[in-house]
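**Student:** So here's entry-v7.cif, just mmCIF, C-alpha atoms and all ligand atoms:
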data_upload
loop_
_atom_site.label_atom_id
_atom_site.label_comp_id
_atom_site.auth_asym_id
_atom_site.auth_seq_id
_atom_site.Cartn_x
_atom_site.Cartn_y
_atom_site.Cartn_z
CA MET Q 48 60.49 -18.60 23.30
CA THR Q 49 61.78 -17.67 26.72
CA THR Q 50 60.75 -14.99 29.15
CA THR Q 51 63.78 -13.00 28.11
CA ASP Q 52 62.68 -12.78 24.47
CA ARG Q 53 62.12 -9.29 23.28
CA PHE Q 54 59.68 -8.38 20.54
CA VAL Q 55 59.88 -5.92 17.67
CA VAL Q 56 56.36 -4.65 18.40
CA PRO Q 57 54.44 -4.73 21.69
CA ALA Q 58 53.31 -8.29 22.44
CA PRO Q 59 49.52 -8.71 22.58
CA ALA Q 60 48.04 -9.08 26.05
CA VAL Q 61 46.44 -12.37 27.11
CA VAL Q 62 42.68 -11.94 27.07
CA SER Q 63 41.11 -13.39 30.21
CA VAL Q 64 37.70 -13.92 31.77
CA PRO Q 65 36.82 -13.59 35.46
CA VAL Q 66 36.04 -16.77 37.39
CA ALA Q 67 33.13 -16.68 39.82
CA GLY Q 68 34.29 -16.92 43.41
CA SER Q 69 37.99 -16.59 42.55
CA VAL Q 70 40.60 -13.89 42.13
CA GLU Q 71 42.19 -16.04 39.42
CA ARG Q 72 41.15 -15.60 35.81
CA PHE Q 73 40.61 -17.90 32.81
CA PRO Q 74 43.06 -17.13 29.97
CA VAL Q 75 41.54 -17.33 26.49
CA ARG Q 76 43.31 -19.28 23.76
CA ARG Q 77 40.69 -19.80 21.05
CA VAL Q 78 36.99 -19.07 20.63
CA TYR Q 79 35.02 -21.77 18.85
CA CYS Q 80 31.36 -21.32 17.96
CA VAL Q 81 28.73 -23.86 16.93
CA GLY Q 82 26.28 -22.93 14.17
CA ARG Q 83 22.53 -23.67 14.24
CA ASN Q 84 22.45 -25.86 17.34
CA TYR Q 85 18.83 -25.35 18.45
CA GLU Q 86 16.08 -26.65 16.18
CA GLU Q 87 13.82 -23.59 16.42
CA HIS Q 88 16.73 -21.28 15.59
CA ALA Q 89 17.74 -23.46 12.63
CA LYS Q 90 14.15 -23.12 11.39
CA GLU Q 91 14.10 -19.35 11.77
CA MET Q 92 17.32 -19.26 9.72
CA GLY Q 93 15.66 -21.33 7.00
CA PHE Q 94 17.01 -24.79 7.79
CA THR Q 95 15.47 -28.01 9.10
CA GLY Q 96 16.70 -31.35 10.23
CA ARG Q 97 19.64 -32.54 12.28
CA GLU Q 98 22.82 -31.86 10.40
CA PRO Q 99 26.29 -32.63 11.73
CA PRO Q 100 27.52 -29.77 13.92
CA PHE Q 101 29.60 -27.14 12.15
CA PHE Q 102 31.97 -24.61 13.59
CA PHE Q 103 33.46 -21.19 13.08
CA LEU Q 104 35.93 -19.19 15.15
CA LYS Q 105 36.26 -15.72 16.55
CA PRO Q 106 39.58 -14.12 17.47
CA ALA Q 107 40.44 -14.43 21.15
CA ASP Q 108 40.62 -10.66 21.44
CA ALA Q 109 37.00 -10.38 20.28
CA VAL Q 110 36.10 -11.50 23.80
CA VAL Q 111 34.70 -8.78 26.04
CA PRO Q 112 34.84 -10.02 29.65
CA VAL Q 113 32.24 -8.50 31.94
CA ASN Q 114 32.54 -8.73 35.72
CA ALA Q 115 29.68 -9.96 37.89
CA GLY Q 116 27.21 -7.19 38.64
CA GLU Q 117 28.72 -4.83 36.07
CA THR Q 118 27.44 -3.66 32.69
CA GLY Q 119 29.85 -4.15 29.83
CA ARG Q 120 30.02 -1.85 26.85
CA ILE Q 121 30.38 -2.88 23.23
CA ALA Q 122 30.72 -0.49 20.34
CA TYR Q 123 28.17 -0.77 17.55
CA PRO Q 124 30.38 -2.27 14.84
CA THR Q 125 31.20 -0.76 11.47
CA LEU Q 126 29.76 -1.85 8.12
CA THR Q 127 26.45 -3.27 9.42
CA GLN Q 128 22.89 -2.10 9.73
CA ASN Q 129 21.66 -5.34 11.26
CA LEU Q 130 23.57 -6.24 14.42
CA HIS Q 131 21.98 -9.34 15.97
CA HIS Q 132 22.15 -10.81 19.47
CA GLU Q 133 22.65 -14.55 20.00
CA ILE Q 134 22.53 -15.63 23.65
CA GLU Q 135 24.61 -18.76 24.24
CA LEU Q 136 25.92 -21.10 26.89
CA VAL Q 137 29.72 -20.93 26.76
CA VAL Q 138 31.94 -23.89 27.69
CA ALA Q 139 35.43 -23.18 29.05
CA ILE Q 140 37.90 -26.00 28.39
CA GLY Q 141 40.17 -26.89 31.28
CA LYS Q 142 41.92 -29.97 29.88
CA GLY Q 143 42.62 -30.34 26.19
CA GLY Q 144 42.96 -33.21 23.80
CA ALA Q 145 42.10 -34.57 20.38
CA HIS Q 146 39.46 -37.17 19.49
CA ILE Q 147 37.78 -36.80 22.87
CA LYS Q 148 34.80 -39.15 23.20
CA ALA Q 149 31.52 -37.68 24.40
CA ALA Q 150 31.62 -39.93 27.45
CA ASP Q 151 34.92 -38.35 28.52
CA ALA Q 152 34.19 -34.82 27.38
CA LEU Q 153 32.63 -33.20 30.45
CA ALA Q 154 35.70 -34.06 32.53
CA ARG Q 155 37.63 -31.69 30.25
CA VAL Q 156 35.37 -28.75 31.04
CA PHE Q 157 36.59 -26.16 33.53
CA GLY Q 158 33.32 -24.27 33.71
CA TYR Q 159 30.43 -22.48 32.06
CA ALA Q 160 29.47 -18.89 31.33
CA VAL Q 161 26.81 -16.79 29.65
CA GLY Q 162 27.96 -15.34 26.33
CA LEU Q 163 26.72 -13.36 23.36
CA ASP Q 164 27.65 -14.30 19.80
CA MET Q 165 27.09 -10.84 18.30
CA THR Q 166 26.53 -11.07 14.56
CA ARG Q 167 26.57 -8.63 11.67
CA ARG Q 168 23.63 -10.51 10.12
CA ASP Q 169 23.54 -8.53 6.89
CA LEU Q 170 27.20 -9.26 6.21
CA GLN Q 171 26.87 -12.91 7.27
CA ASN Q 172 23.93 -13.35 4.88
CA ASP Q 173 25.88 -11.72 2.02
CA MET Q 174 28.79 -14.10 2.63
CA LYS Q 175 26.46 -17.12 2.79
CA LYS Q 176 24.88 -16.19 -0.55
CA GLN Q 177 28.30 -15.87 -2.15
CA GLY Q 178 29.72 -19.00 -0.52
CA ARG Q 179 32.37 -16.91 1.23
CA PRO Q 180 33.72 -17.18 4.80
CA TRP Q 181 31.60 -15.83 7.64
CA CYS Q 182 34.50 -14.03 9.32
CA ILE Q 183 33.32 -10.51 8.62
CA GLY Q 184 29.84 -11.34 9.92
CA LYS Q 185 30.98 -13.18 13.03
CA GLY Q 186 34.59 -12.48 13.96
CA PHE Q 187 34.63 -8.72 14.36
CA ASP Q 188 36.00 -6.73 17.30
CA GLN Q 189 34.02 -7.01 20.54
CA SER Q 190 31.75 -9.68 19.03
CA ALA Q 191 32.03 -12.08 21.97
CA PRO Q 192 30.91 -10.60 25.30
CA ILE Q 193 31.06 -13.08 28.17
CA GLY Q 194 30.20 -13.08 31.86
CA PRO Q 195 32.21 -14.74 34.65
CA ILE Q 196 32.94 -18.44 34.31
CA THR Q 197 31.41 -20.65 37.01
CA PRO Q 198 33.38 -23.84 37.76
CA ALA Q 199 31.52 -26.89 36.46
CA ALA Q 200 31.22 -28.50 39.89
CA ASP Q 201 29.17 -25.50 41.06
CA VAL Q 202 26.53 -25.85 38.31
CA PRO Q 203 25.56 -29.53 38.16
CA GLY Q 204 22.20 -28.65 36.58
CA VAL Q 205 23.49 -26.54 33.71
CA MET Q 206 22.46 -29.05 31.03
CA GLN Q 207 18.80 -28.57 32.03
CA ALA Q 208 19.08 -24.81 32.67
CA ALA Q 209 16.81 -22.14 31.25
CA ILE Q 210 18.61 -19.72 28.91
CA SER Q 211 17.19 -16.31 28.09
CA LEU Q 212 17.90 -12.81 26.84
CA THR Q 213 16.07 -9.55 27.33
CA VAL Q 214 16.72 -6.28 25.53
CA ASN Q 215 15.80 -3.17 27.52
CA GLY Q 216 13.83 -5.50 29.78
CA ALA Q 217 11.70 -7.01 27.01
CA PRO Q 218 11.96 -10.78 26.37
CA ARG Q 219 13.74 -11.71 23.13
CA GLN Q 220 15.10 -15.25 23.51
CA ALA Q 221 14.06 -18.00 25.91
CA SER Q 222 14.75 -21.72 25.78
CA LEU Q 223 16.39 -24.59 27.61
CA VAL Q 224 19.98 -25.82 27.32
CA SER Q 225 18.49 -29.32 27.09
CA LYS Q 226 17.16 -28.35 23.63
CA LEU Q 227 20.66 -28.18 22.16
CA ILE Q 228 20.68 -30.38 19.04
CA TRP Q 229 24.26 -31.44 19.83
CA ASN Q 230 24.77 -31.35 23.57
CA VAL Q 231 27.98 -30.13 25.19
CA ALA Q 232 29.62 -33.57 25.32
CA GLU Q 233 28.73 -34.37 21.70
CA THR Q 234 29.92 -30.95 20.59
CA ILE Q 235 33.30 -31.52 22.24
CA GLU Q 236 33.56 -34.92 20.54
CA HIS Q 237 32.95 -33.41 17.11
CA LEU Q 238 35.07 -30.31 17.72
CA SER Q 239 38.06 -32.25 19.03
CA ALA Q 240 38.01 -34.48 15.96
CA ALA Q 241 38.73 -31.38 13.87
CA TRP Q 242 41.01 -29.39 16.20
CA THR Q 243 43.12 -30.35 19.20
CA LEU Q 244 41.51 -28.59 22.13
CA ALA Q 245 43.62 -26.96 24.83
CA PRO Q 246 43.13 -25.24 28.17
CA GLY Q 247 41.84 -21.73 27.52
CA ASP Q 248 39.52 -22.64 24.67
CA LEU Q 249 35.98 -21.30 24.79
CA ILE Q 250 33.07 -22.91 22.95
CA TYR Q 251 29.98 -20.82 22.23
CA THR Q 252 27.46 -23.64 21.92
CA GLY Q 253 24.79 -22.02 19.75
CA THR Q 254 21.74 -19.85 20.20
CA PRO Q 255 18.04 -20.62 20.57
CA GLU Q 256 15.34 -18.92 18.51
CA GLY Q 257 14.47 -15.23 18.78
CA VAL Q 258 17.59 -13.64 17.34
CA ALA Q 259 16.94 -10.02 16.35
CA ALA Q 260 18.57 -6.65 15.92
CA VAL Q 261 19.86 -4.23 18.52
CA VAL Q 262 20.75 -0.57 18.15
CA ARG Q 263 22.95 1.89 20.01
CA GLY Q 264 21.70 2.49 23.52
CA ASP Q 265 20.15 -0.96 23.93
CA THR Q 266 20.99 -2.96 27.06
CA LEU Q 267 21.15 -6.75 26.68
CA HIS Q 268 20.70 -8.97 29.71
CA GLY Q 269 21.57 -12.64 29.33
CA HIS Q 270 20.75 -15.37 31.83
CA VAL Q 271 21.41 -19.08 32.27
CA ASP Q 272 20.16 -20.70 35.48
CA GLY Q 273 23.02 -21.18 37.93
CA LEU Q 274 25.50 -18.89 36.13
CA CYS Q 275 26.40 -15.23 36.54
CA ASP Q 276 24.19 -12.99 34.39
CA LEU Q 277 25.73 -11.05 31.52
CA THR Q 278 24.70 -7.43 30.92
CA VAL Q 279 26.05 -5.28 28.11
CA THR Q 280 25.09 -1.96 26.55
CA VAL Q 281 25.63 -1.16 22.88
CA VAL Q 282 27.28 2.25 22.52
MN MN U 301 25.84 -18.33 17.50
#
Could you show the structure in this file as C-alpha cells?
Ligand code: MN
**Tutor:**
Amino acid sequence: MTTTDRFVVPAPAVVSVPVAGSVERFPVRRVYCVGRNYEEHAKEMGFTGREPPFFFLKPADAVVPVNAGETGRIAYPTLTQNLHHEIELVVAIGKGGAHIKAADALARVFGYAVGLDMTRRDLQNDMKKQGRPWCIGKGFDQSAPIGPITPAADVPGVMQAAISLTVNGAPRQASLVSKLIWNVAETIEHLSAAWTLAPGDLIYTGTPEGVAAVVRGDTLHGHVDGLCDLTVTVV
C-alpha cells in the first residue's frame, strides 16, 4: 500500500489516545484484555486458584479516548440489561516483539493509563454457559474508555499503585496493582507467546473485585495513583 492508494469505501480513521504532557498521540493497533487477573475478582466470578492468564480482544475502535480533566460519554449499549464496570490498569506497548521474556518486558512499555473494560455481563454469562465466544459481551462499541497515557518513566511506582473506581461518588472497586495475579511483565511474556506484539497495542490488565452494574446517567470515575484519572458518563 502506498499513500497514493485510493479506497473503494472511506478508509477507517486511526484511533488514538492522548499522551499526558504531549501534543502527540498514541495510535491504537490492537486491544488485548486479560481475564480474571485479581484473586478476589476471580472469586466473585466463581473461580479460585492461579490459572494461566487468558486473553480476549476488543476492536481498536471500541476505544473511547478521554482527555485529561474532561468527562467522556459512552452510550448504554444495546441488548443488555446488566452493563458492568471493570476498572483496569492499561499498558501501552511502545516496542513490539514475540516471545518477550518477563525480564525484558517493561522496556517494551511506552506508558500506562486508566481504562474501563465495560462488559455486557448478561451476554458474557450466556456465552460462557454455551461455550461460545465472549465477543458480544466484551467487544461491543465504546466498550473500552481510556484516559491519557502517562509515559512509563513518569510513573515509576505504578506497580504498587492504588486502583479504584467510584460511581456517582460512591466507592465500587478499590485494590492495589501489586495484587495482579500475573503482573505486567509476566502478562507480556504470556501474551507475546501467543501474538506478536507491536507498537500501538493496548493491554487491559484485568479488574479487581467489586464489579457491578451501571445505568444511564451514572458517572464513573477511575483512578490509579500517578496516572490521569478517567471520568465517563453513561448516556
Ligand atoms: Mn476485564
**Student:** All residues within 12 Å of ligand MN 301 (chain U) are required, counting all atoms listed in the file; please report them as a PyMOL selection string.
**Tutor:** chain Q and resi 78-85+88-89+92+101-105+131-137+162-168+171+181+184-186+190-191+250-258
**Student:** By how many Å are atom CA of Cys182 of chain Q and atom CA of Asn129 of chain Q apart?
**Tutor:**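 We find that atom CA of Cys182 of chain Q and atom CA of Asn129 of chain Q lie 15.6 Å from each other.
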**Student:** Write out as an MDAnalysis selection string which residues come within 7 Å of Val161 of chain Q when counting all atoms listed in the file, dropping same-chain ones fewer than 4 positions away.
**Tutor:** chainID Q and resid 135:137 193:194 269:271 274 276:277
**Student:** What are the closest atom pairs, with distances in Å to one decimal, for each residue of segment 247-280 of chain Q lying within 12 Å of segment 64-67 of chain Q, using all atoms listed in the file, rows by chain and rising residue number, as CSV?
**Tutor:**
residue,atom,partner,partner_atom,distance
Q:Gly247,CA,Q:Val64,CA,9.8
Q:Asp248,CA,Q:Val64,CA,11.4
Q:Leu249,CA,Q:Val64,CA,10.3
Q:Gly273,CA,Q:Ala67,CA,11.2
Q:Leu274,CA,Q:Ala67,CA,8.8
Q:Cys275,CA,Q:Ala67,CA,7.6
Q:Asp276,CA,Q:Ala67,CA,11.1
**Student:** Provide the atom CA of Gly119 of chain Q to atom CA of Thr280 of chain Q distance in Å, to one decimal place.
**Tutor:**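 Atom-to-atom, atom CA of Gly119 of chain Q to atom CA of Thr280 of chain Q, that is 6.2 Å.
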**Student:** Atom CA of Gly264 of chain Q and atom CA of Val282 of chain Q are how many Å apart?
**Tutor:**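 It comes out at 5.7 Å.
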**Student:** I'd like the neighbourhood of Ser63 of chain Q as a ChimeraX atom specification, where a residue qualifies if any of its atoms comes within 7 Å (using all atoms listed in the file), though same-chain residues fewer than 2 positions away should be ignored.
**Tutor:** /Q:61,65,72-75
**Student:** Would you compute an axis-aligned box for segment 142-149 of chain Q, covering every atom listed for it in the file with 4 Å of margin on each side, and report centre and edge lengths in Å to one decimal as lines of an AutoDock Vina configuration file?
**Tutor:**
center_x = 37.2
center_y = -34.6
center_z = 24.7
size_x = 19.4
size_y = 17.2
size_z = 18.4
**Student:** In file coordinates, which residues lie within 12 Å of (37.4, -32.0, 43.2) using all atoms listed in the file, given as a ChimeraX atom specification?
**Tutor:** /Q:154,157,198-201
**Student:** Got time to write the residues from that selection, C-alpha atoms, as a PDB file, in the coordinates of the input?
**Tutor:**
ATOM      1  CA  ALA Q 154      35.700 -34.060  32.530  1.00  0.00           C
ATOM      2  CA  PHE Q 157      36.590 -26.160  33.530  1.00  0.00           C
ATOM      3  CA  PRO Q 198      33.380 -23.840  37.760  1.00  0.00           C
ATOM      4  CA  ALA Q 199      31.520 -26.890  36.460  1.00  0.00           C
ATOM      5  CA  ALA Q 200      31.220 -28.500  39.890  1.00  0.00           C
ATOM      6  CA  ASP Q 201      29.170 -25.500  41.060  1.00  0.00           C
TER       7      ASP Q 201
END
**Student:** Need the neighbours of (20.4, -28.1, 28.1): which residues are at most 8 Å away, counting only C-alpha atoms, as number ranges by chain?
**Tutor:** Q: 205-209, 223-227, 230
**Student:** Looking at Q:Glu91, Q:Asp108, Q:Ala139, Q:Ile210, which one is nearest to Ala245 of chain Q, with distances taken over all atoms listed in the file?
**Tutor:**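 Closest to Ala245 of chain Q of all the choices is Q:Ala139.
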**Student:** When distances are computed from all atoms listed in the file, which of Q:Arg179, Q:Arg263, Q:His268, Q:His146 shows the smallest separation from Gln128 of chain Q?
**Tutor:**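 Selected residue with least distance to Gln128 of chain Q: Q:Arg263.
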**Student:** Between Q:Tyr159, Q:Tyr123, Q:Trp229, Q:Phe54, which one has atoms that come closest to Ile140 of chain Q, using all atoms listed in the file?
**Tutor:**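 Among the listed residues, Q:Tyr159 lies closest to Ile140 of chain Q.
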**Student:** Which of these residues is nearest to Ser211 of chain Q, using all atoms listed in the file: Q:Asn172, Q:Ser239, Q:Val156, Q:Leu267?
**Tutor:** Q:Leu267
